[in-house]
Amino acid sequence: MSKDEKPLWMYCALLAVLLLPTLFIAGIAVGSRAEIPSDKAWEYISITISAIATSIIAFLTIVLAVETWRLRRNQDEQIDSNRKEAIRPHVEIFLESSIVGFQFILLKVENIGKGLARNIKFKNQKSKSDLIESEKEIIVRLEELSFFTNSLNTLGVNNTKKSFLFSFIDMQNKYGKDFFKTRLSFEITFEDMEGNSYTNYSVIDLSEFEGITEVGKGNPAYRTSVEIEKIRKTLDSLVKSNKRIKVDSYSQKDRNIEDEKREARMREHLLRKDERKL
């Protein structure tokens with residue numbers, strides 16, 4: 001039973017209160033052995049039935065009023081809940097690979113909720129004495145981030161904060177396979193636009209990355225941008241210097257002349273070959 005739900009005994013008590021005057025009058029009449037004239041018996045019966053019906057109607061009216069009030073209150077609570085849900089933020093911590101290379105890992109803080117997040121704070125759930133060496137190094141790198149150590153003032157819907165965290169190659173060379181045992185848990189507290197507080201928990205578990213490999217040379221868009229940058233630098237150096245680009249251009253006439261020379265050399269070669277045989 002919810003806190004707003006009225007138990008049955010309360011309605012029974014209300015009915016008893018409403019019927020009490022009628023029962024009191026009936027008790028006096030019975031107790032005093034009052035005689036009702038036969039010609040007015042139906043009148044008294046009608047009055048009694050009318051009093052009982054009035055009491056029942058009054059009771060039902062009160063029940064209807066109470067239920068209407070409860071329904072209105074539930075509607076108000078639902079509207080308030082929907083309004084809060086529409087502006088509720090949800091902040092999470094992720095690890096993702098950089099487009100530069102799969103081995104470069106970025107820390108990503110993202111608001112995946114429906115409203116603006118304010119006053120975002122991060123707290124490591126593990127005590128420093130329980131941290132292994134690789135976890136200590138990651139915590140040190142996180143503490144170098146101002147927004148992680150202090151707080152992040154605001155983070156809009158679907159907005160992110162990113163920062164390079166570590167390289168898998170460097171960390172694995174330093175700590176070996178034990179690096180994949182790194183597991184950190186963070187408590188994230190934040191507020192919505194109205195100042196309502198929320199708490200979320202995120203886990204960084206590097207064992208999820210163990211055994212994952214990448215085929216190819218990284219992100220195609222990034223490789224394309226690198227090649228375009230090389231071309232731009234080459235053209236820029238040509239424009240700013242006295243270097244010249246050597247370009248050989250041929251017309252159709254030049255090609256025909258070149259073909260005739262090639263055929264003449266071939267005939268001459270064949271002629272010399274026949275003379276040698278003779």
# chains A, B, ... in the order shown; residues from 1 in each chain; ligands from 1
$ residues_around --residues "Glu85 of chain A" --least-positions-apart "5" --cutoff "9 Å" --atoms "only C-alpha atoms" --output "PyMOL selection string"
chain A and resi 80+114-115
$ residues_around --residues "Asn150 of chain A" --least-positions-apart "2" --cutoff "12 Å" --atoms "only C-alpha atoms" --output "PDB file with C-alpha atoms, in the first residue's frame"
ATOM      1  CA  ASN A 119      28.837  21.364 -11.353  1.00  0.00           C
ATOM      2  CA  ILE A 120      30.159  17.956 -12.437  1.00  0.00           C
ATOM      3  CA  LYS A 121      32.541  16.316  -9.959  1.00  0.00           C
ATOM      4  CA  PHE A 122      34.513  13.071 -10.163  1.00  0.00           C
ATOM      5  CA  LYS A 123      35.652  10.919  -7.252  1.00  0.00           C
ATOM      6  CA  LEU A 142      43.680  12.135 -14.484  1.00  0.00           C
ATOM      7  CA  GLU A 143      44.632  14.474 -11.643  1.00  0.00           C
ATOM      8  CA  GLU A 144      46.588  16.559 -14.148  1.00  0.00           C
ATOM      9  CA  LEU A 145      43.262  17.435 -15.797  1.00  0.00           C
ATOM     10  CA  SER A 146      41.835  20.527 -14.138  1.00  0.00           C
ATOM     11  CA  PHE A 147      38.189  19.650 -14.820  1.00  0.00           C
ATOM     12  CA  PHE A 148      38.697  16.175 -13.364  1.00  0.00           C
ATOM     13  CA  LEU A 152      33.393  20.764 -14.704  1.00  0.00           C
ATOM     14  CA  ASN A 153      31.100  23.795 -14.653  1.00  0.00           C
TER      15      ASN A 153
END
$ closest_residue --among "A:Ser134, A:Thr68, A:Asn74, A:Asn111" --to "Met171 of chain A" --atoms "only C-alpha atoms"
A:Ser134
$ closest_residue --among "A:Ile105, A:Ile52, A:Leu235, A:Ile188" --to "Ile169 of chain A" --atoms "only C-alpha atoms"
A:Ile105
$ select_by_dssp --residues "segment 39-275 of chain A" --states "alpha helix (DSSP H)" --output "PyMOL selection string"
chain A and resi 41-86+133-143+146-149+168-175+220-240+252-275
$ atom_distance --atom1 "atom CA of Lys84 of chain A" --atom2 "atom CA of Leu107 of chain A"
28.9 Å
$ atom_distance --atom1 "atom CA of Ile132 of chain A" --atom2 "atom CA of Glu187 of chain A"
19.2 Å
$ atom_distance --atom1 "atom CA of Gln125 of chain A" --atom2 "atom CA of Tyr198 of chain A"
16.6 Å
